[in-house]
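Undergrad: Here you go, one structure.
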Amino acid sequence: MKLNSYTITQGRDRAPARAMLKGIGFTDEDLAKPIIGVANTWIETMPCNYNLRELAVHVKAGIRAAGGTPMEFNTIAISDGVTMGTEGMKTSLVSREVIADSIELLVRGHMFDGVVALVACDKTIPGAAMAMLRLNIPGVILYGGSILPGRHAGRDISIQDVFEAVGAHARGRISDAELLDIEDHACPGAGACGGQFTANTMATVMELIGLAPMGTASVPQVDKRKEAVAARCGRIIMDAVRSNLRARDICTRKAFDNAIAGVAASGGSTNAVLHLLAMAREAEVPLTIDDFDGICARTPVFVDIKPAGRYLAADVDTAGGIPVIAKRLLEGKFADGSAITVTGRTFGEEAADARETPGQDVILPLDKVLKPRGGIAILRGSLAPEGCVIKLAGHEKKLHRGPARVFEREEDAMQAVIEGKINTGDVVVIRYEGPRGGPGMREMLGVTGAIVGAGLSDSVALVTDGRFSGATHGFMIAHVAPEAFNGGPIAVVREGDSITVDADRGVVDLEITPQELAARLAAWKQPALRYTTGVFAKYCALVASASEGAITRPSQN
């Protein structure tokens, strides 16, 4: 093998480097082997990533057993659930870039021969994948795993139920005691949020795109089987290094299409659009926002999982895991079985090994699908010339026309919902929450959950240039582009303007004349940046439109 790490570890001139590494226990024998970076996103600010320190021990044991030398390093994670609804949530999407940058820097600096990334909460997953695709080295994604379900009033619950309970409590639909009981029981231990929210959606993506070995992601984080999964990932990275199987060999266009089909079939998070576009840019694979619509249109929803369905992520594991989803996609000819995966085997070969639990009703047969088309659609129109995303899973509604209720930030909209000032038929417009305007494109689970909890999910629409949590459901439209801060039409919507959203026609329109729209845009003035120093200022200078995945790039003004 031609090893990058030899530049660091071998030869007379590298004696100082070896001396330092020997100071922490590495031997000449260790340093002669392939050096594998173990990128860990462990953090003590949330349950999602909490057990990753322990899992890293087993990853490293697998690497050593397969003839490599692991070197563990850390990057960051931001809890979407903890920061939701606050100024802190603006850091979440920014952290995706920091995670990718930090992994890239460590791998380039220490010239690792391969990398295993331990991920969990939302942005750690695409951030790690983006770094692997930039570097184009052998890499394995290990998802820490879902949390187990909580229990309340004899039913399984998740963090989604807590956010919706806030809205229900504000409207007097539940008591203080019930809200507290839901809060106390929704998160019973370590693991990422328990539905097909963004973390589990992106974990599904990583198996179906081929960067995570099939059968690894759906095992819950506290399950003892996760230790064997971790050790297996350590062995797989060594096989990938020996065969020189690199990230871009795996993440081809057909692999991206397979991943999008998995998002569609599972009613997954709208954030998958943003993250897959960003990954495609790093992989130099041509993929546009409109490509999602065609794949979603031909792929049915057949995974009965929250937020739209009945079950939680741990139930997918009980049903047989993500390989069963892969098998269904192949049965319906919704995926390409020839795509290569990180094990060196094809998508089809891996799916053929799926072990479906007899009698399970979580991953449905194709003659009993929940919906004939996938859970996401792309809309365009006078309000979103560059496109936006609507989540269709979990409701039958396709058309809404109503008066705009305009808010300049999420907190103001949340207050209006809590105070009962949003009425049946309204279109809640939340703007200046985009990648630059926020900055950081906050998720809106606080306000969307409150709308659902207030009993308004069937009668109110919400439109924003921000993002939604994967736990969001209802008639919600996000990623409106161009964003308000960049002079998109959403910046000039006025209170009471009529807005039409028609998912069947793929349209979202502000119902004013083109002449009136042009006049308003000509009179509009860009507001001052909310942050002029530090990481947010850097991000605003570099971030692209949501229609391009909100990636950062030097050419951006």
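Residues in the structure tokens are numbered from 1 in each chain, the chains being A, B, ... in the order shown, and ligands are numbered from 1 in the order shown.
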Would you list, as an NGL selection string, the residues of range 355-510 of chain A that end up in strand (DSSP E) under DSSP run on this structure's backbone?

TA: :A and (376-381 or 384-391 or 399-407 or 427-430 or 461-464 or 476-481 or 498-502 or 507-510)

Undergrad: Can you list every residue of range 250-357 of chain A that has an atom at most 12 Å from range 220-233 of chain A, with its nearest atom pair and the distance in Å to one decimal, using only C-alpha atoms, ordered by chain then number, as a Markdown table?

TA:
```
| residue | atom | partner | partner_atom | distance |
| --- | --- | --- | --- | --- |
| A:Leu312 | CA | A:Pro220 | CA | 11.0 |
| A:Ala313 | CA | A:Pro220 | CA | 8.2 |
| A:Ala314 | CA | A:Pro220 | CA | 6.2 |
| A:Asp315 | CA | A:Pro220 | CA | 9.7 |
| A:Val316 | CA | A:Pro220 | CA | 10.0 |
| A:Asp317 | CA | A:Pro220 | CA | 7.7 |
| A:Thr318 | CA | A:Pro220 | CA | 10.0 |
| A:Gly321 | CA | A:Pro220 | CA | 10.6 |
| A:Val342 | CA | A:Cys233 | CA | 9.8 |
| A:Thr343 | CA | A:Cys233 | CA | 9.3 |
```

Undergrad: Using only C-alpha atoms, which residues sit within 10 Å of Ile340 in chain A once same-chain residues fewer than 4 positions away are excluded, as a PDB file with N, CA, C and O atoms, in the first residue's frame?

TA:
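Result written to part_11.pdb:
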```
ATOM      1  N   ILE A 209     -26.532   5.534   0.483  1.00  0.00           N
ATOM      2  CA  ILE A 209     -25.556   6.114  -0.441  1.00  0.00           C
ATOM      3  C   ILE A 209     -24.267   5.307  -0.436  1.00  0.00           C
ATOM      4  O   ILE A 209     -23.455   5.408  -1.360  1.00  0.00           O
ATOM      5  N   GLY A 210     -24.061   4.516   0.625  1.00  0.00           N
ATOM      6  CA  GLY A 210     -22.941   3.581   0.650  1.00  0.00           C
ATOM      7  C   GLY A 210     -21.784   3.943   1.555  1.00  0.00           C
ATOM      8  O   GLY A 210     -20.819   3.179   1.637  1.00  0.00           O
ATOM      9  N   LEU A 211     -21.840   5.082   2.264  1.00  0.00           N
ATOM     10  CA  LEU A 211     -20.727   5.468   3.139  1.00  0.00           C
ATOM     11  C   LEU A 211     -20.774   4.771   4.495  1.00  0.00           C
ATOM     12  O   LEU A 211     -19.762   4.676   5.186  1.00  0.00           O
ATOM     13  N   LEU A 245     -10.478   2.042  -1.825  1.00  0.00           N
ATOM     14  CA  LEU A 245     -11.857   2.408  -2.131  1.00  0.00           C
ATOM     15  C   LEU A 245     -12.154   3.754  -1.479  1.00  0.00           C
ATOM     16  O   LEU A 245     -12.222   3.864  -0.249  1.00  0.00           O
ATOM     17  N   ASP A 249     -15.574   7.236  -5.122  1.00  0.00           N
ATOM     18  CA  ASP A 249     -15.873   5.996  -5.853  1.00  0.00           C
ATOM     19  C   ASP A 249     -17.261   5.495  -5.473  1.00  0.00           C
ATOM     20  O   ASP A 249     -17.955   4.857  -6.277  1.00  0.00           O
ATOM     21  N   ILE A 250     -17.656   5.777  -4.247  1.00  0.00           N
ATOM     22  CA  ILE A 250     -18.936   5.311  -3.705  1.00  0.00           C
ATOM     23  C   ILE A 250     -20.060   6.281  -4.044  1.00  0.00           C
ATOM     24  O   ILE A 250     -21.133   5.881  -4.521  1.00  0.00           O
ATOM     25  N   CYS A 251     -19.838   7.565  -3.809  1.00  0.00           N
ATOM     26  CA  CYS A 251     -20.902   8.567  -3.936  1.00  0.00           C
ATOM     27  C   CYS A 251     -21.005   9.087  -5.357  1.00  0.00           C
ATOM     28  O   CYS A 251     -20.690  10.249  -5.654  1.00  0.00           O
ATOM     29  N   THR A 252     -21.454   8.219  -6.246  1.00  0.00           N
ATOM     30  CA  THR A 252     -21.724   8.572  -7.638  1.00  0.00           C
ATOM     31  C   THR A 252     -23.145   9.122  -7.754  1.00  0.00           C
ATOM     32  O   THR A 252     -23.911   9.109  -6.782  1.00  0.00           O
ATOM     33  N   LYS A 254     -25.696   7.757  -9.209  1.00  0.00           N
ATOM     34  CA  LYS A 254     -26.699   6.739  -8.929  1.00  0.00           C
ATOM     35  C   LYS A 254     -26.803   6.472  -7.421  1.00  0.00           C
ATOM     36  O   LYS A 254     -27.882   6.170  -6.909  1.00  0.00           O
ATOM     37  N   ALA A 255     -25.696   6.643  -6.693  1.00  0.00           N
ATOM     38  CA  ALA A 255     -25.746   6.493  -5.238  1.00  0.00           C
ATOM     39  C   ALA A 255     -26.562   7.623  -4.613  1.00  0.00           C
ATOM     40  O   ALA A 255     -27.341   7.389  -3.671  1.00  0.00           O
ATOM     41  N   ASP A 336     -30.847   1.710  -7.756  1.00  0.00           N
ATOM     42  CA  ASP A 336     -29.906   1.030  -8.654  1.00  0.00           C
ATOM     43  C   ASP A 336     -29.034   0.095  -7.822  1.00  0.00           C
ATOM     44  O   ASP A 336     -28.214   0.549  -7.014  1.00  0.00           O
ATOM     45  N   GLY A 344     -17.288  -2.709  -0.288  1.00  0.00           N
ATOM     46  CA  GLY A 344     -16.796  -3.265  -1.534  1.00  0.00           C
ATOM     47  C   GLY A 344     -17.853  -4.057  -2.276  1.00  0.00           C
ATOM     48  O   GLY A 344     -17.674  -4.404  -3.447  1.00  0.00           O
ATOM     49  N   ARG A 345     -18.954  -4.347  -1.613  1.00  0.00           N
ATOM     50  CA  ARG A 345     -20.074  -5.039  -2.244  1.00  0.00           C
ATOM     51  C   ARG A 345     -21.053  -4.011  -2.798  1.00  0.00           C
ATOM     52  O   ARG A 345     -21.050  -2.848  -2.413  1.00  0.00           O
ATOM     53  N   THR A 346     -21.917  -4.461  -3.698  1.00  0.00           N
ATOM     54  CA  THR A 346     -22.882  -3.540  -4.288  1.00  0.00           C
ATOM     55  C   THR A 346     -24.085  -3.347  -3.374  1.00  0.00           C
ATOM     56  O   THR A 346     -24.345  -4.139  -2.457  1.00  0.00           O
ATOM     57  N   PHE A 347     -24.839  -2.313  -3.678  1.00  0.00           N
ATOM     58  CA  PHE A 347     -26.108  -2.040  -3.002  1.00  0.00           C
ATOM     59  C   PHE A 347     -27.005  -3.267  -3.064  1.00  0.00           C
ATOM     60  O   PHE A 347     -27.615  -3.674  -2.068  1.00  0.00           O
ATOM     61  N   GLY A 348     -27.086  -3.878  -4.239  1.00  0.00           N
ATOM     62  CA  GLY A 348     -27.931  -5.051  -4.413  1.00  0.00           C
ATOM     63  C   GLY A 348     -27.474  -6.235  -3.586  1.00  0.00           C
ATOM     64  O   GLY A 348     -28.295  -6.954  -2.997  1.00  0.00           O
ATOM     65  N   GLU A 349     -26.162  -6.452  -3.533  1.00  0.00           N
ATOM     66  CA  GLU A 349     -25.630  -7.566  -2.735  1.00  0.00           C
ATOM     67  C   GLU A 349     -25.913  -7.354  -1.250  1.00  0.00           C
ATOM     68  O   GLU A 349     -26.272  -8.294  -0.532  1.00  0.00           O
ATOM     69  N   GLU A 350     -25.746  -6.130  -0.790  1.00  0.00           N
ATOM     70  CA  GLU A 350     -26.020  -5.846   0.614  1.00  0.00           C
ATOM     71  C   GLU A 350     -27.510  -6.000   0.931  1.00  0.00           C
ATOM     72  O   GLU A 350     -27.887  -6.580   1.958  1.00  0.00           O
TER      73      GLU A 350
END
```

Undergrad: Which residues in range 303-385 of chain A does DSSP call alpha helix (DSSP H)? List them as an mmCIF file with N, CA, C and O atoms, in the first residue's frame.

TA:
```
data_model
loop_
_atom_site.group_PDB
_atom_site.id
_atom_site.type_symbol
_atom_site.label_atom_id
_atom_site.label_comp_id
_atom_site.auth_asym_id
_atom_site.auth_seq_id
_atom_site.Cartn_x
_atom_site.Cartn_y
_atom_site.Cartn_z
ATOM 1 N N ALA A 313 -37.863 5.119 15.334
ATOM 2 C CA ALA A 313 -36.694 4.558 14.660
ATOM 3 C C ALA A 313 -36.284 3.207 15.234
ATOM 4 O O ALA A 313 -35.827 2.320 14.502
ATOM 5 N N ALA A 314 -36.432 3.021 16.540
ATOM 6 C CA ALA A 314 -36.092 1.732 17.139
ATOM 7 C C ALA A 314 -36.948 0.609 16.569
ATOM 8 O O ALA A 314 -36.518 -0.554 16.514
ATOM 9 N N ASP A 315 -38.161 0.937 16.115
ATOM 10 C CA ASP A 315 -39.034 -0.071 15.517
ATOM 11 C C ASP A 315 -38.546 -0.494 14.128
ATOM 12 O O ASP A 315 -38.800 -1.630 13.698
ATOM 13 N N VAL A 316 -37.868 0.415 13.423
ATOM 14 C CA VAL A 316 -37.256 0.040 12.142
ATOM 15 C C VAL A 316 -36.199 -1.038 12.373
ATOM 16 O O VAL A 316 -36.098 -2.011 11.620
ATOM 17 N N ASP A 317 -35.426 -0.876 13.427
ATOM 18 C CA ASP A 317 -34.433 -1.889 13.773
ATOM 19 C C ASP A 317 -35.102 -3.227 14.062
ATOM 20 O O ASP A 317 -34.680 -4.279 13.551
ATOM 21 N N THR A 318 -36.165 -3.213 14.845
ATOM 22 C CA THR A 318 -36.885 -4.442 15.178
ATOM 23 C C THR A 318 -37.449 -5.105 13.930
ATOM 24 O O THR A 318 -37.516 -6.341 13.837
ATOM 25 N N ALA A 319 -37.835 -4.303 12.941
ATOM 26 C CA ALA A 319 -38.401 -4.836 11.699
ATOM 27 C C ALA A 319 -37.360 -5.461 10.773
ATOM 28 O O ALA A 319 -37.712 -6.169 9.832
ATOM 29 N N ILE A 322 -32.489 -0.872 8.098
ATOM 30 C CA ILE A 322 -32.446 -0.155 6.818
ATOM 31 C C ILE A 322 -32.214 -1.089 5.630
ATOM 32 O O ILE A 322 -32.703 -0.808 4.522
ATOM 33 N N PRO A 323 -31.509 -2.230 5.777
ATOM 34 C CA PRO A 323 -31.412 -3.150 4.630
ATOM 35 C C PRO A 323 -32.768 -3.586 4.085
ATOM 36 O O PRO A 323 -32.900 -3.846 2.880
ATOM 37 N N VAL A 324 -33.801 -3.670 4.932
ATOM 38 C CA VAL A 324 -35.134 -4.024 4.440
ATOM 39 C C VAL A 324 -35.688 -2.899 3.570
ATOM 40 O O VAL A 324 -36.347 -3.146 2.556
ATOM 41 N N ILE A 325 -35.414 -1.635 3.962
ATOM 42 C CA ILE A 325 -35.809 -0.497 3.115
ATOM 43 C C ILE A 325 -35.099 -0.594 1.772
ATOM 44 O O ILE A 325 -35.715 -0.400 0.706
ATOM 45 N N ALA A 326 -33.791 -0.908 1.791
ATOM 46 C CA ALA A 326 -33.028 -1.056 0.548
ATOM 47 C C ALA A 326 -33.622 -2.160 -0.328
ATOM 48 O O ALA A 326 -33.737 -2.010 -1.556
ATOM 49 N N LYS A 327 -34.004 -3.249 0.294
ATOM 50 C CA LYS A 327 -34.584 -4.371 -0.450
ATOM 51 C C LYS A 327 -35.890 -3.963 -1.123
ATOM 52 O O LYS A 327 -36.139 -4.292 -2.285
ATOM 53 N N ARG A 328 -36.738 -3.203 -0.393
ATOM 54 C CA ARG A 328 -38.000 -2.725 -0.980
ATOM 55 C C ARG A 328 -37.732 -1.791 -2.161
ATOM 56 O O ARG A 328 -38.429 -1.848 -3.182
ATOM 57 N N LEU A 329 -36.748 -0.914 -2.000
ATOM 58 C CA LEU A 329 -36.435 0.008 -3.095
ATOM 59 C C LEU A 329 -36.038 -0.756 -4.356
ATOM 60 O O LEU A 329 -36.407 -0.371 -5.470
ATOM 61 N N LEU A 330 -35.288 -1.827 -4.177
ATOM 62 C CA LEU A 330 -34.891 -2.650 -5.329
ATOM 63 C C LEU A 330 -36.083 -3.395 -5.908
ATOM 64 O O LEU A 330 -36.224 -3.501 -7.134
ATOM 65 N N GLU A 331 -36.943 -3.920 -5.036
ATOM 66 C CA GLU A 331 -38.125 -4.650 -5.513
ATOM 67 C C GLU A 331 -38.987 -3.773 -6.421
ATOM 68 O O GLU A 331 -39.543 -4.232 -7.412
ATOM 69 N N PHE A 347 -24.839 -2.313 -3.678
ATOM 70 C CA PHE A 347 -26.108 -2.040 -3.002
ATOM 71 C C PHE A 347 -27.005 -3.267 -3.064
ATOM 72 O O PHE A 347 -27.615 -3.674 -2.068
ATOM 73 N N GLY A 348 -27.086 -3.878 -4.239
ATOM 74 C CA GLY A 348 -27.931 -5.051 -4.413
ATOM 75 C C GLY A 348 -27.474 -6.235 -3.586
ATOM 76 O O GLY A 348 -28.295 -6.954 -2.997
ATOM 77 N N GLU A 349 -26.162 -6.452 -3.533
ATOM 78 C CA GLU A 349 -25.630 -7.566 -2.735
ATOM 79 C C GLU A 349 -25.913 -7.354 -1.250
ATOM 80 O O GLU A 349 -26.272 -8.294 -0.532
ATOM 81 N N GLU A 350 -25.746 -6.130 -0.790
ATOM 82 C CA GLU A 350 -26.020 -5.846 0.614
ATOM 83 C C GLU A 350 -27.510 -6.000 0.931
ATOM 84 O O GLU A 350 -27.887 -6.580 1.958
ATOM 85 N N ALA A 351 -28.362 -5.500 0.061
ATOM 86 C CA ALA A 351 -29.805 -5.589 0.290
ATOM 87 C C ALA A 351 -30.289 -7.034 0.268
ATOM 88 O O ALA A 351 -31.251 -7.387 0.973
ATOM 89 N N ALA A 352 -29.636 -7.867 -0.505
ATOM 90 C CA ALA A 352 -30.032 -9.279 -0.584
ATOM 91 C C ALA A 352 -29.854 -10.001 0.746
ATOM 92 O O ALA A 352 -30.487 -11.032 0.992
#
```

Undergrad: Using Å and a single decimal, report how far CA of Ala384 in chain A sits from CA of Ala481 in chain A.

TA: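 The value is 5.3 Å.
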
Undergrad: Give the answer as one residue: which of A:Val362, A:Ala32, A:Val428, A:Leu276 has the shortest atom-to-atom distance to Tyr311 in chain A, using only C-alpha atoms?

TA: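 Ranking A:Val362, A:Ala32, A:Val428, A:Leu276 by distance to Tyr311 in chain A, first place goes to A:Val362.
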
Undergrad: Between CA of Val460 in chain A and CA of Arg173 in chain A, what is the distance, to one decimal in Å?

TA: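 Distance reported for this atom pair: 18.3 Å.
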
Undergrad: Please provide the set of residues having any atom within 9 Å of Thr552 in chain A, restricted to only C-alpha atoms, with same-chain residues fewer than 6 positions apart removed, written as a PDB file with C-alpha atoms, in the first residue's frame.

TA:
```
ATOM      1  CA  GLU A  97     -19.268  23.516   7.888  1.00  0.00           C
ATOM      2  CA  TYR A 539     -20.315  32.415   7.366  1.00  0.00           C
ATOM      3  CA  CYS A 540     -22.441  35.222   5.895  1.00  0.00           C
ATOM      4  CA  ALA A 541     -19.571  36.182   3.607  1.00  0.00           C
ATOM      5  CA  LEU A 542     -19.230  32.649   2.232  1.00  0.00           C
ATOM      6  CA  VAL A 543     -22.588  30.875   2.329  1.00  0.00           C
ATOM      7  CA  ALA A 544     -24.520  30.061  -0.842  1.00  0.00           C
TER       8      ALA A 544
END
```

Undergrad: Kindly provide the residues of range 416-480 of chain A that approach range 145-162 of chain A to within 10 Å, each paired with its closest atom pair and their distance in Å to one decimal, based on only C-alpha atoms, listed by chain and increasing number, as a tab-separated table.

TA:
```
residue	atom	partner	partner_atom	distance
A:Leu445	CA	A:Gln160	CA	8.4
A:Gly446	CA	A:Gln160	CA	9.7
A:Gly449	CA	A:Gln160	CA	7.5
A:Ala450	CA	A:Val162	CA	9.8
A:Gly453	CA	A:Asp161	CA	8.9
A:Ser469	CA	A:Gln160	CA	9.6
A:Gly470	CA	A:Gln160	CA	9.3
A:Ala471	CA	A:Gln160	CA	5.8
A:Thr472	CA	A:Gln160	CA	8.0
A:His473	CA	A:Gln160	CA	9.9
```

Undergrad: Tell me, in Å to one decimal, how far CA of Ile36 in chain A is from CA of Arg12 in chain A.

TA: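 CA of Arg12 in chain A lies at a distance of 22.5 Å from CA of Ile36 in chain A.
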
Undergrad: So that I can see what lies close to Val98 in chain A, please list as a PyMOL selection string the residues with an atom at most 9 Å from it, counting only C-alpha atoms and leaving out residues fewer than 3 positions away in the same chain.

TA: chain A and resi 75-76+94-95+101-103+127

Undergrad: Can you work out which one of A:Ile237, A:Met441, A:Leu521, A:Val417 has the shortest atom-to-atom distance to Glu87 in chain A, counting only C-alpha atoms?

TA: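 Going through A:Ile237, A:Met441, A:Leu521, A:Val417 one by one, the smallest distance to Glu87 in chain A is for A:Met441.
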